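Presented below is the structure to which this report refers.
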Amino acid sequence: MKLTSFVLLISLLGANQALAVIPSPPKLAAKSYLLIDADTGEVLVEENADEKLPPASLTKMMTAYIAEAEIASGNLQLNETVIVSEKAWQMKGSLMFIEVGEQVSVEDLLKGIIIVSGNDASVAMAEHIAGSEESFADVMNATAVKLGMTNTHFVNATGWPAENHYTTARDLAKLAKAIVYDYPERYGVYSEKYFQYGVDKRTGKPLKRQANRNALLWRDSSVDGLKTGYTKEAGYCLVTSAKKENQRLISVVMGTKSSKARAAESQKLLTYGFRFFENVKVKSAGASLEKVSVWKGDANRVSVGVAEDLMVTIPRGESKALKAEMEVNSVIEAPLEQGQPLGAVKVSLNDQLIREVPLVALESVAEAGFFKKLWDQLRLFFYQLFTE
């Protein structure tokens, strides 16, 4: 491998910042918790993050995600109506208050699931998408596998206590990230504070609007989601997403003792993350880092770079300790496809590797004609003979 260090890239970061003192992460009064940077995936704080626990209504994040996927694929329309079954109507716990036989729009059901955590809305949506809640659970589990949620198994669409219904803080963070980034046009619903639906049949007046149970939506302007949960078995749980400037954090807190505690403990994680860590863009997607030689191609050189923005999460004040190097394959032969891996970009902090991503071709290179290929083959033979 040929090793090339792009020192100029790091000098662009050129921070004359004093090194920050990073304290130990907070210890929370919770069974399990996790804090990640949503863009880089960097884990900032974790405790029992892979412990399998009942998720309570955090389950509804998956129910809503699947509905959003169906909308994005065109299989479901926001104005499409859903007929409420007796099973959905009979659900207990937190409710949207839909009536048996009523026709409710998909959009209203989604709000009922996300904002007021309606068990009735969740079952109605599950039945509409998959025919039954049991079949919908199969869809949930298949989606969990697709998202890399390796320690998760769903039995129902609501999080109602059931044997073999579990997940982990780490898996919930993966789901939260998917909700934020896969369907951003729908994510705004998670920040809505109130939802009003239905009419009191005795008085004919609208039912009282219900408030989102995520208390951090009122306390912290950076918070824009996601979901609360509670059962006696699960305790009080909260998955939160918050954004400041170019950084988005996702926190998961499971198994606290009260609704106040889940909000307070989540706030500790977010405060710690935003105060002591920052994101640095090392290189932009599609920007040429260097032109490297190509053998047997109709072009002699190809530009290389990264396919996606290369971001790293580091302690605040330590960007001047960043170093990036690229390793390029010693022999690159045409044909090349745009995006084809040709090496790696490695980013280190204080000489410790923190990120490695593929170095890719930024354009395609076709094979050369017969005579140039023959000539390059001869040259390549002698090149390898004297360099190996």
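Letters A, B, ... mark the chains of the structure tokens in the order given; residue numbers begin at 1 per chain; ligand numbers begin at 1, in order shown.
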Quiz item: What are the DSSP strand (DSSP E or B) residues of region 175-238 of chain A, as an MDAnalysis selection string?
Solution: chainID A and resid 194:195 199 206 210:211 223:231 235:238
Practice problem: Extract, using only C-alpha atoms, all DNA, RNA and protein residues at most 7 Å from Leu53 (chain A), discarding same-chain residues fewer than 6 positions from it, and format them as an NGL selection string. | Solution: :A and (166-168 or 234)
Exercise. Write out as a list in words which residues come within 9 Å of Val357 (chain A) when counting only C-alpha atoms, dropping same-chain ones fewer than 4 positions away.
Key: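 Listed by chain and then number, they are Val306, Leu310, Gly343, Ala344, Val345, Lys346 and Val347 of chain A.
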I need the chosen residues saved as a tab-separated table (two decimals), in the first residue's frame, with N, CA and C atoms.
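New file again-v7.tsv:
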```tsv
chain	number	residue	atom	x	y	z
A	306	VAL	N	-13.73	10.85	-0.71
A	306	VAL	CA	-14.67	10.10	0.12
A	306	VAL	C	-16.08	10.26	-0.45
A	310	LEU	N	-16.88	13.17	5.64
A	310	LEU	CA	-16.12	12.48	6.68
A	310	LEU	C	-16.14	13.34	7.93
A	343	GLY	N	-8.73	2.31	-1.64
A	343	GLY	CA	-7.86	2.46	-0.48
A	343	GLY	C	-8.68	2.86	0.73
A	344	ALA	N	-8.06	3.63	1.61
A	344	ALA	CA	-8.74	4.03	2.85
A	344	ALA	C	-8.25	5.40	3.29
A	345	VAL	N	-9.12	6.11	3.98
A	345	VAL	CA	-8.75	7.34	4.68
A	345	VAL	C	-8.84	7.04	6.17
A	346	LYS	N	-7.75	7.29	6.89
A	346	LYS	CA	-7.69	7.01	8.32
A	346	LYS	C	-7.48	8.31	9.08
A	347	VAL	N	-8.34	8.51	10.08
A	347	VAL	CA	-8.27	9.71	10.91
A	347	VAL	C	-7.87	9.29	12.32
```
Quiz prompt | Residue nearest Asn79 (chain A) among A:Glu107, A:Glu233, A:Glu333, A:Glu245 (counting only C-alpha atoms) | solution =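 Closest residue, counting only C-alpha atoms: A:Glu107.
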Quiz item: What is the CA of Thr152 (chain A) to CA of His165 (chain A) distance in Å?
Solution: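 So the answer is 7.8 Å.
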Quiz item: Can you list, as a PyMOL selection string, every residue of region 6-150 of chain A that DSSP puts in helix (DSSP H, G or I)?
Solution: chain A and resi 7-11+56-73+86-89+106-114+119-130+133-146
Atoms to include: C-alpha atoms. Write the selected residues as a PDB file, in the first residue's frame.
```pdb
ATOM      1  CA  VAL A   7      -1.388  17.441   6.113  1.00  0.00           C
ATOM      2  CA  LEU A   8      -2.971  20.353   4.260  1.00  0.00           C
ATOM      3  CA  LEU A   9      -6.404  18.947   5.068  1.00  0.00           C
ATOM      4  CA  ILE A  10      -5.771  19.038   8.799  1.00  0.00           C
ATOM      5  CA  SER A  11      -4.280  22.511   8.662  1.00  0.00           C
ATOM      6  CA  ALA A  56     -42.984  -0.277  26.777  1.00  0.00           C
ATOM      7  CA  SER A  57     -44.286   2.396  24.377  1.00  0.00           C
ATOM      8  CA  LEU A  58     -40.850   2.960  22.867  1.00  0.00           C
ATOM      9  CA  THR A  59     -42.079   0.064  20.714  1.00  0.00           C
ATOM     10  CA  LYS A  60     -44.285   2.564  18.889  1.00  0.00           C
ATOM     11  CA  MET A  61     -41.195   4.112  17.327  1.00  0.00           C
ATOM     12  CA  MET A  62     -40.988   0.978  15.176  1.00  0.00           C
ATOM     13  CA  THR A  63     -44.719   1.015  14.467  1.00  0.00           C
ATOM     14  CA  ALA A  64     -44.480   4.603  13.253  1.00  0.00           C
ATOM     15  CA  TYR A  65     -41.261   3.939  11.310  1.00  0.00           C
ATOM     16  CA  ILE A  66     -42.872   1.124   9.346  1.00  0.00           C
ATOM     17  CA  ALA A  67     -45.873   3.339   8.556  1.00  0.00           C
ATOM     18  CA  GLU A  68     -43.501   6.065   7.348  1.00  0.00           C
ATOM     19  CA  ALA A  69     -41.693   3.529   5.163  1.00  0.00           C
ATOM     20  CA  GLU A  70     -45.029   2.471   3.664  1.00  0.00           C
ATOM     21  CA  ILE A  71     -45.896   6.100   2.948  1.00  0.00           C
ATOM     22  CA  ALA A  72     -42.519   6.729   1.314  1.00  0.00           C
ATOM     23  CA  SER A  73     -42.899   3.649  -0.909  1.00  0.00           C
ATOM     24  CA  GLU A  86     -63.047  -3.740  17.939  1.00  0.00           C
ATOM     25  CA  LYS A  87     -59.625  -4.952  19.090  1.00  0.00           C
ATOM     26  CA  ALA A  88     -58.102  -1.509  18.533  1.00  0.00           C
ATOM     27  CA  TRP A  89     -61.038   0.211  20.228  1.00  0.00           C
ATOM     28  CA  VAL A 106     -53.421   7.479   8.329  1.00  0.00           C
ATOM     29  CA  GLU A 107     -52.086  10.939   9.148  1.00  0.00           C
ATOM     30  CA  ASP A 108     -54.236  11.225  12.274  1.00  0.00           C
ATOM     31  CA  LEU A 109     -53.301   7.707  13.360  1.00  0.00           C
ATOM     32  CA  LEU A 110     -49.608   8.537  13.016  1.00  0.00           C
ATOM     33  CA  LYS A 111     -50.071  11.590  15.201  1.00  0.00           C
ATOM     34  CA  GLY A 112     -52.019   9.482  17.667  1.00  0.00           C
ATOM     35  CA  ILE A 113     -49.136   7.014  17.823  1.00  0.00           C
ATOM     36  CA  ILE A 114     -46.280   9.509  18.011  1.00  0.00           C
ATOM     37  CA  ASN A 119     -52.363   2.016  21.943  1.00  0.00           C
ATOM     38  CA  ASP A 120     -55.594   2.053  19.968  1.00  0.00           C
ATOM     39  CA  ALA A 121     -53.979   3.987  17.124  1.00  0.00           C
ATOM     40  CA  SER A 122     -51.005   1.594  17.056  1.00  0.00           C
ATOM     41  CA  VAL A 123     -53.180  -1.513  16.744  1.00  0.00           C
ATOM     42  CA  ALA A 124     -55.370   0.127  14.090  1.00  0.00           C
ATOM     43  CA  MET A 125     -52.269   1.023  12.051  1.00  0.00           C
ATOM     44  CA  ALA A 126     -50.762  -2.432  12.464  1.00  0.00           C
ATOM     45  CA  GLU A 127     -53.951  -4.148  11.330  1.00  0.00           C
ATOM     46  CA  HIS A 128     -54.312  -1.823   8.345  1.00  0.00           C
ATOM     47  CA  ILE A 129     -50.761  -2.449   7.133  1.00  0.00           C
ATOM     48  CA  ALA A 130     -50.418  -6.186   7.792  1.00  0.00           C
ATOM     49  CA  GLU A 133     -51.189  -7.230  14.828  1.00  0.00           C
ATOM     50  CA  GLU A 134     -49.486 -10.642  14.870  1.00  0.00           C
ATOM     51  CA  SER A 135     -48.513 -10.338  11.213  1.00  0.00           C
ATOM     52  CA  PHE A 136     -47.370  -6.777  11.789  1.00  0.00           C
ATOM     53  CA  ALA A 137     -45.015  -8.042  14.517  1.00  0.00           C
ATOM     54  CA  ASP A 138     -43.334 -10.148  11.828  1.00  0.00           C
ATOM     55  CA  VAL A 139     -42.825  -6.985   9.781  1.00  0.00           C
ATOM     56  CA  MET A 140     -41.433  -5.243  12.854  1.00  0.00           C
ATOM     57  CA  ASN A 141     -38.897  -8.008  13.454  1.00  0.00           C
ATOM     58  CA  ALA A 142     -37.832  -8.106   9.811  1.00  0.00           C
ATOM     59  CA  THR A 143     -37.345  -4.334   9.891  1.00  0.00           C
ATOM     60  CA  ALA A 144     -35.333  -4.610  13.092  1.00  0.00           C
ATOM     61  CA  VAL A 145     -32.975  -7.036  11.351  1.00  0.00           C
ATOM     62  CA  LYS A 146     -32.639  -4.642   8.415  1.00  0.00           C
TER      63      LYS A 146
END
```
Quiz item: Hey, what's within 9 Å of Asp351 (chain A) if we count only C-alpha atoms and toss same-chain stuff fewer than 4 positions away? As a ChimeraX atom specification, please?
Solution: /A:321-323,347
Self-check item: Within 8 Å of Ala211 (chain A) using only C-alpha atoms, minus same-chain residues under 5 positions, as a PyMOL selection string
Solution: chain A and resi 115-116+193-195
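Minimum distance to Leu353 (chain A) across A:Met96, A:Ala366, A:Val312, A:Val82 (counting only C-alpha atoms) occurs at A:Val312.
Nearest-residue note for Ile36 (chain A): choosing from A:Trp160, A:Trp295, A:Tyr272, A:Phe370, the minimum distance belongs to A:Tyr272, counting only C-alpha atoms.
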